[in-house]
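Peer 1: Input: one structure, supplied below.
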Amino acid sequence: MNIHLPPPSKGTYNNAGSSRRLANYLEHEDMERMEQGIYTEGFFNLTDDNLFKSQVVKDIDGNIGQLMKTDAKFYAIHVSPSEKELRAMGSTEAEQAEAMKRYIREIVIPEYAKNYNKGLSAEDIKFYGKIHFSRDRSNNELNMHCHLIVSRKDQSNKKKLSPLTNHKNTTKGVIKGGFDRKNLFQQVEQGFDNLFGYKRELSESFEYYSTMKNGNISDQLKMQERQIAGEREKKQNLLTPDINNKEEQTPPVKRKKKKPKQGFRK
């Protein structure tokens, strides 16, 4: 599972002004699909589906109390399952889309809220999501992913929330709480596995990816040893019959020999 928080830019992800440019971009796939007679997914939030772009822009742009002109007004989050994960979410685009919305609502947003360490819940987060089914420059068969627009302010328009802050569970100073991105990535990955009964290999976990990219040589070697040991154990389990699953064999029934009939034969 790839969770990405693109940094603000001067283009589509310019978050110092209106969210309209980003919302417009998120609808670019809809026209192509409609021309092909393929269904599209509207915007969604924690409780509702098929919401209009105008509502998204109005709601996000109106939730900016006490923010300065150059302050971030919203943040973008990309949620991109692998092909293997998508297959665990359903066999059709419609099934996968419904599973994605469930994942966002039940796992991603609740963990996002909890990660601020401010006693927030999913209901405190103002966000809108948009599902895309294709991806440029990808040769994958399955490419469904989800874009989220998350307001800088909570639903009450009082608390400032930034997933890009470098503070982590701060208890002293002006900023209280913080945001631990590493913890978020691990929690939403675990939540995905629990929600869909997904058996994740070590090599596709965030722990493995993070260690192999950012860890020192010693940590990387230990991670590789864990991977090799896991693969060896998996092969051993495939080769070794499970005696517990064998049906108990009942001993053959001995047939009694028939006694010869007494009397005379003709």
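Letters A, B, ... mark the chains of the structure tokens in the order given; residue numbers begin at 1 per chain; ligand numbers begin at 1, in order shown.
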From a DSSP pass on the backbone, collect the residues of region 29-142 of chain A flagged as alpha helix (DSSP H) and hand them back as an NGL selection string.

Peer 2: :A and (29-35 or 53-61 or 83-89 or 93-103 or 109-114)

Peer 1: Using only C-alpha atoms, determine which residues lie at most 12 Å from Gln55 (chain A), disregarding the query and same-chain residues fewer than 3 positions distant; provide the list as a PyMOL selection string.

Peer 2: chain A and resi 19-20+23+42-45+48+50-52+58-62+127-128

Peer 1: Just to be explicit: take each residue in the selection above, keep all heavy atoms, and write the result as a compact mmCIF listing (two decimals), in the first residue's frame.

Peer 2:
# COMPACT_ATOMS: atom_id res chain seq x y z
N SER A 19 -9.21 25.38 -3.62
CA SER A 19 -9.06 23.97 -3.95
C SER A 19 -9.62 23.64 -5.34
O SER A 19 -9.61 22.50 -5.76
CB SER A 19 -9.77 23.11 -2.90
OG SER A 19 -11.17 23.42 -2.87
N ARG A 20 -10.12 24.65 -6.05
CA ARG A 20 -10.79 24.41 -7.33
C ARG A 20 -9.87 23.77 -8.36
O ARG A 20 -10.29 22.88 -9.10
CB ARG A 20 -11.35 25.73 -7.88
CG ARG A 20 -12.14 25.56 -9.18
CD ARG A 20 -12.79 26.87 -9.61
NE ARG A 20 -13.72 27.35 -8.59
CZ ARG A 20 -14.95 26.90 -8.47
NH1 ARG A 20 -15.43 25.97 -9.30
NH2 ARG A 20 -15.75 27.39 -7.53
N ALA A 23 -9.53 20.14 -7.56
CA ALA A 23 -10.80 19.46 -7.79
C ALA A 23 -11.06 19.28 -9.29
O ALA A 23 -11.56 18.24 -9.73
CB ALA A 23 -11.94 20.25 -7.15
N GLY A 42 -18.27 9.71 -8.30
CA GLY A 42 -18.23 11.11 -7.88
C GLY A 42 -17.38 11.27 -6.63
O GLY A 42 -16.78 10.31 -6.14
N PHE A 43 -17.33 12.47 -6.12
CA PHE A 43 -16.61 12.71 -4.87
C PHE A 43 -17.37 12.05 -3.72
O PHE A 43 -18.59 11.87 -3.78
CB PHE A 43 -16.48 14.21 -4.62
CG PHE A 43 -15.48 14.90 -5.50
CD1 PHE A 43 -15.89 15.45 -6.72
CD2 PHE A 43 -14.15 15.00 -5.14
CE1 PHE A 43 -14.98 16.09 -7.55
CE2 PHE A 43 -13.23 15.64 -5.96
CZ PHE A 43 -13.64 16.18 -7.17
N PHE A 44 -16.65 11.71 -2.67
CA PHE A 44 -17.29 11.12 -1.48
C PHE A 44 -16.62 11.68 -0.24
O PHE A 44 -15.49 12.18 -0.27
CB PHE A 44 -17.20 9.59 -1.51
CG PHE A 44 -15.80 9.05 -1.31
CD1 PHE A 44 -15.34 8.70 -0.04
CD2 PHE A 44 -14.95 8.87 -2.38
CE1 PHE A 44 -14.06 8.20 0.16
CE2 PHE A 44 -13.66 8.36 -2.21
CZ PHE A 44 -13.22 8.02 -0.94
N ASN A 45 -17.32 11.60 0.87
CA ASN A 45 -16.73 11.96 2.16
C ASN A 45 -17.00 10.84 3.16
O ASN A 45 -17.22 9.69 2.74
CB ASN A 45 -17.22 13.33 2.65
CG ASN A 45 -18.73 13.38 2.83
OD1 ASN A 45 -19.41 12.34 2.88
ND2 ASN A 45 -19.28 14.58 2.96
N ASP A 48 -21.21 10.26 2.66
CA ASP A 48 -22.00 10.38 1.43
C ASP A 48 -21.17 10.09 0.18
O ASP A 48 -19.96 10.32 0.15
CB ASP A 48 -22.59 11.79 1.32
CG ASP A 48 -23.53 12.12 2.47
OD1 ASP A 48 -24.39 11.28 2.78
OD2 ASP A 48 -23.36 13.19 3.08
N ASN A 50 -21.14 10.25 -4.38
CA ASN A 50 -21.60 10.98 -5.57
C ASN A 50 -21.89 12.46 -5.29
O ASN A 50 -22.93 13.01 -5.66
CB ASN A 50 -22.85 10.31 -6.15
CG ASN A 50 -22.55 8.90 -6.63
OD1 ASN A 50 -21.53 8.67 -7.28
ND2 ASN A 50 -23.43 7.96 -6.32
N LEU A 51 -20.94 13.10 -4.62
CA LEU A 51 -21.06 14.53 -4.32
C LEU A 51 -20.50 15.35 -5.48
O LEU A 51 -19.58 14.91 -6.18
CB LEU A 51 -20.31 14.86 -3.03
CG LEU A 51 -20.79 14.10 -1.79
CD1 LEU A 51 -19.87 14.36 -0.62
CD2 LEU A 51 -22.22 14.48 -1.45
N PHE A 52 -21.04 16.54 -5.69
CA PHE A 52 -20.61 17.39 -6.79
C PHE A 52 -19.34 18.17 -6.43
O PHE A 52 -19.10 18.50 -5.27
CB PHE A 52 -21.72 18.37 -7.19
CG PHE A 52 -22.92 17.70 -7.79
CD1 PHE A 52 -24.13 17.65 -7.10
CD2 PHE A 52 -22.85 17.12 -9.06
CE1 PHE A 52 -25.24 17.03 -7.66
CE2 PHE A 52 -23.95 16.51 -9.63
CZ PHE A 52 -25.16 16.46 -8.93
N LYS A 58 -16.63 24.53 -2.35
CA LYS A 58 -17.26 25.46 -1.41
C LYS A 58 -16.94 25.08 0.03
O LYS A 58 -16.64 25.96 0.86
CB LYS A 58 -18.78 25.46 -1.64
CG LYS A 58 -19.53 26.42 -0.71
CD LYS A 58 -21.03 26.37 -0.99
CE LYS A 58 -21.79 27.30 -0.05
NZ LYS A 58 -23.26 27.23 -0.31
N ASP A 59 -16.99 23.80 0.33
CA ASP A 59 -16.79 23.34 1.69
C ASP A 59 -15.33 23.49 2.14
O ASP A 59 -15.06 23.94 3.25
CB ASP A 59 -17.22 21.88 1.80
CG ASP A 59 -17.65 21.50 3.22
OD1 ASP A 59 -17.87 22.42 4.02
OD2 ASP A 59 -17.75 20.30 3.51
N ILE A 60 -14.40 23.10 1.28
CA ILE A 60 -12.98 23.20 1.62
C ILE A 60 -12.54 24.66 1.69
O ILE A 60 -11.86 25.10 2.63
CB ILE A 60 -12.11 22.45 0.61
CG1 ILE A 60 -12.41 20.94 0.65
CG2 ILE A 60 -10.63 22.70 0.87
CD1 ILE A 60 -12.02 20.25 1.93
N ASP A 61 -12.95 25.45 0.69
CA ASP A 61 -12.53 26.86 0.65
C ASP A 61 -13.18 27.69 1.75
O ASP A 61 -12.67 28.76 2.11
CB ASP A 61 -12.88 27.48 -0.71
CG ASP A 61 -12.00 26.93 -1.83
OD1 ASP A 61 -11.15 26.07 -1.54
OD2 ASP A 61 -12.17 27.35 -2.99
N GLY A 62 -14.30 27.23 2.30
CA GLY A 62 -14.97 27.98 3.35
C GLY A 62 -14.51 27.62 4.74
O GLY A 62 -14.96 28.22 5.72
N PHE A 127 -12.91 16.14 4.74
CA PHE A 127 -12.18 15.65 3.57
C PHE A 127 -13.16 15.24 2.47
O PHE A 127 -14.34 14.99 2.71
CB PHE A 127 -11.32 14.43 3.95
CG PHE A 127 -12.09 13.14 3.99
CD1 PHE A 127 -12.11 12.28 2.90
CD2 PHE A 127 -12.84 12.79 5.12
CE1 PHE A 127 -12.84 11.10 2.92
CE2 PHE A 127 -13.58 11.61 5.15
CZ PHE A 127 -13.58 10.76 4.04
N TYR A 128 -12.61 15.14 1.27
CA TYR A 128 -13.35 14.60 0.13
C TYR A 128 -12.41 13.71 -0.67
O TYR A 128 -11.22 14.02 -0.83
CB TYR A 128 -13.90 15.72 -0.76
CG TYR A 128 -15.01 16.49 -0.10
CD1 TYR A 128 -14.74 17.64 0.64
CD2 TYR A 128 -16.33 16.06 -0.17
CE1 TYR A 128 -15.75 18.34 1.28
CE2 TYR A 128 -17.35 16.75 0.47
CZ TYR A 128 -17.05 17.89 1.19
OH TYR A 128 -18.07 18.56 1.82

Peer 1: List as a list in words the protein and nucleic acid residues near region 84-90 of chain A, meaning an atom at most 10 Å away when only C-alpha atoms are counted, but skip any in the same chain fewer than 3 places from it.

Peer 2: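 With the cut-off at 10 Å, the set is Met1, Ser80, Pro81, Glu93, Ala94, Glu95, Gln96, Ala97, Glu98, Ala99, Met100, Tyr103, Leu142, Asn143, Met144, His145, Phe192, Asp193, Leu195, Phe196, Gly197, Tyr198, Lys199 and Arg200 of chain A.
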
Peer 1: I'd like the contact shell of region 158-167 of chain A - 9 Å cut-off, only C-alpha atoms, skipping same-chain residues fewer than 4 positions apart - returned as a count of residues only.

Peer 2: 22

Peer 1: Would you mind listing what lies within 12 Å of region 25-37 of chain A as number ranges by chain, with only C-alpha atoms counted and same-chain residues fewer than 2 positions away left out?

Peer 2: A: 11-13, 19-23, 39-43, 52-54, 56-57, 76, 78, 128-136, 144-149

Peer 1: Restricting it to C-alpha atoms, dump the selection as a PDB file, in the first residue's frame.

Peer 2:
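Writing the result to result-v7.pdb gives the following:
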ATOM      1  CA  GLY A  11       0.669  24.039  -9.976  1.00  0.00           C
ATOM      2  CA  THR A  12      -2.108  21.559  -9.263  1.00  0.00           C
ATOM      3  CA  TYR A  13      -1.043  21.092  -5.651  1.00  0.00           C
ATOM      4  CA  SER A  19      -9.055  23.967  -3.954  1.00  0.00           C
ATOM      5  CA  ARG A  20     -10.791  24.415  -7.327  1.00  0.00           C
ATOM      6  CA  ARG A  21      -7.692  23.680  -9.423  1.00  0.00           C
ATOM      7  CA  LEU A  22      -7.098  20.366  -7.673  1.00  0.00           C
ATOM      8  CA  ALA A  23     -10.803  19.461  -7.792  1.00  0.00           C
ATOM      9  CA  TYR A  39     -19.392   4.431 -15.062  1.00  0.00           C
ATOM     10  CA  THR A  40     -17.625   7.076 -13.002  1.00  0.00           C
ATOM     11  CA  GLU A  41     -17.306   7.698  -9.278  1.00  0.00           C
ATOM     12  CA  GLY A  42     -18.228  11.109  -7.881  1.00  0.00           C
ATOM     13  CA  PHE A  43     -16.608  12.706  -4.871  1.00  0.00           C
ATOM     14  CA  PHE A  52     -20.608  17.387  -6.789  1.00  0.00           C
ATOM     15  CA  LYS A  53     -17.339  19.227  -7.283  1.00  0.00           C
ATOM     16  CA  SER A  54     -19.041  22.543  -6.467  1.00  0.00           C
ATOM     17  CA  VAL A  56     -16.276  20.095  -2.457  1.00  0.00           C
ATOM     18  CA  VAL A  57     -14.754  23.441  -3.443  1.00  0.00           C
ATOM     19  CA  ALA A  76      -3.623  16.161  -0.799  1.00  0.00           C
ATOM     20  CA  HIS A  78      -2.788   9.638  -2.503  1.00  0.00           C
ATOM     21  CA  TYR A 128     -13.354  14.600   0.128  1.00  0.00           C
ATOM     22  CA  GLY A 129     -12.143  11.656  -1.916  1.00  0.00           C
ATOM     23  CA  LYS A 130     -12.101  10.869  -5.632  1.00  0.00           C
ATOM     24  CA  ILE A 131     -11.353   7.451  -7.102  1.00  0.00           C
ATOM     25  CA  HIS A 132      -9.368   7.071 -10.326  1.00  0.00           C
ATOM     26  CA  PHE A 133      -9.163   3.844 -12.297  1.00  0.00           C
ATOM     27  CA  SER A 134      -6.225   4.489 -14.628  1.00  0.00           C
ATOM     28  CA  ARG A 135      -2.721   5.838 -14.241  1.00  0.00           C
ATOM     29  CA  ASP A 136      -0.468   7.441 -16.843  1.00  0.00           C
ATOM     30  CA  MET A 144      -7.272   2.019  -9.213  1.00  0.00           C
ATOM     31  CA  HIS A 145      -6.215   4.597  -6.614  1.00  0.00           C
ATOM     32  CA  CYS A 146      -7.780   7.354  -4.553  1.00  0.00           C
ATOM     33  CA  HIS A 147      -7.071  11.069  -4.181  1.00  0.00           C
ATOM     34  CA  LEU A 148      -8.048  12.850  -0.973  1.00  0.00           C
ATOM     35  CA  ILE A 149      -8.447  16.586  -0.389  1.00  0.00           C
TER      36      ILE A 149
END

Peer 1: DSSP on the backbone, then: every residue of region 26-83 of chain A marked strand (DSSP E), written as a ChimeraX atom specification.

Peer 2: /A:74-80

Peer 1: Those residues you just picked out, can you put them in a file as a compact mmCIF listing (two decimals), in the first residue's frame with all heavy atoms?

Peer 2:
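Saved result, again-v9.txt, follows:
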# COMPACT_ATOMS: atom_id res chain seq x y z
N PHE A 74 -5.40 23.38 2.52
CA PHE A 74 -5.77 21.97 2.42
C PHE A 74 -4.53 21.17 2.07
O PHE A 74 -3.48 21.73 1.71
CB PHE A 74 -6.86 21.76 1.35
CG PHE A 74 -6.43 22.20 -0.03
CD1 PHE A 74 -5.77 21.34 -0.90
CD2 PHE A 74 -6.70 23.49 -0.46
CE1 PHE A 74 -5.37 21.77 -2.15
CE2 PHE A 74 -6.30 23.93 -1.71
CZ PHE A 74 -5.64 23.07 -2.57
N TYR A 75 -4.66 19.84 2.16
CA TYR A 75 -3.56 18.94 1.79
C TYR A 75 -4.11 17.82 0.91
O TYR A 75 -5.29 17.46 1.00
CB TYR A 75 -2.88 18.36 3.03
CG TYR A 75 -2.16 19.40 3.85
CD1 TYR A 75 -2.78 19.96 4.96
CD2 TYR A 75 -0.89 19.84 3.50
CE1 TYR A 75 -2.14 20.93 5.72
CE2 TYR A 75 -0.24 20.81 4.24
CZ TYR A 75 -0.87 21.35 5.35
OH TYR A 75 -0.24 22.33 6.09
N ALA A 76 -3.25 17.28 0.06
CA ALA A 76 -3.62 16.16 -0.80
C ALA A 76 -2.96 14.88 -0.27
O ALA A 76 -1.83 14.91 0.21
CB ALA A 76 -3.18 16.42 -2.24
N ILE A 77 -3.69 13.79 -0.37
CA ILE A 77 -3.16 12.48 0.02
C ILE A 77 -3.53 11.49 -1.09
O ILE A 77 -4.67 11.46 -1.55
CB ILE A 77 -3.75 11.99 1.35
CG1 ILE A 77 -3.45 12.99 2.47
CG2 ILE A 77 -3.19 10.62 1.73
CD1 ILE A 77 -4.07 12.62 3.81
N HIS A 78 -2.55 10.68 -1.50
CA HIS A 78 -2.79 9.64 -2.50
C HIS A 78 -2.77 8.28 -1.82
O HIS A 78 -1.84 7.98 -1.06
CB HIS A 78 -1.70 9.66 -3.59
CG HIS A 78 -1.64 10.94 -4.35
ND1 HIS A 78 -0.57 11.30 -5.14
CD2 HIS A 78 -2.52 11.96 -4.46
CE1 HIS A 78 -0.79 12.48 -5.69
NE2 HIS A 78 -1.97 12.90 -5.29
N VAL A 79 -3.75 7.46 -2.10
CA VAL A 79 -3.82 6.10 -1.55
C VAL A 79 -3.81 5.14 -2.74
O VAL A 79 -4.78 5.08 -3.51
CB VAL A 79 -5.09 5.90 -0.71
CG1 VAL A 79 -5.13 4.49 -0.14
CG2 VAL A 79 -5.16 6.94 0.40
N SER A 80 -2.71 4.40 -2.89
CA SER A 80 -2.53 3.58 -4.09
C SER A 80 -2.21 2.13 -3.73
O SER A 80 -1.07 1.80 -3.38
CB SER A 80 -1.39 4.15 -4.95
OG SER A 80 -1.63 5.50 -5.27

Peer 1: Please provide the set of residues having any atom within 12 Å of Thr211 (chain A), restricted to only C-alpha atoms, with same-chain residues fewer than 4 positions apart removed, written as a ChimeraX atom specification.

Peer 2: /A:182,202-207,215-224
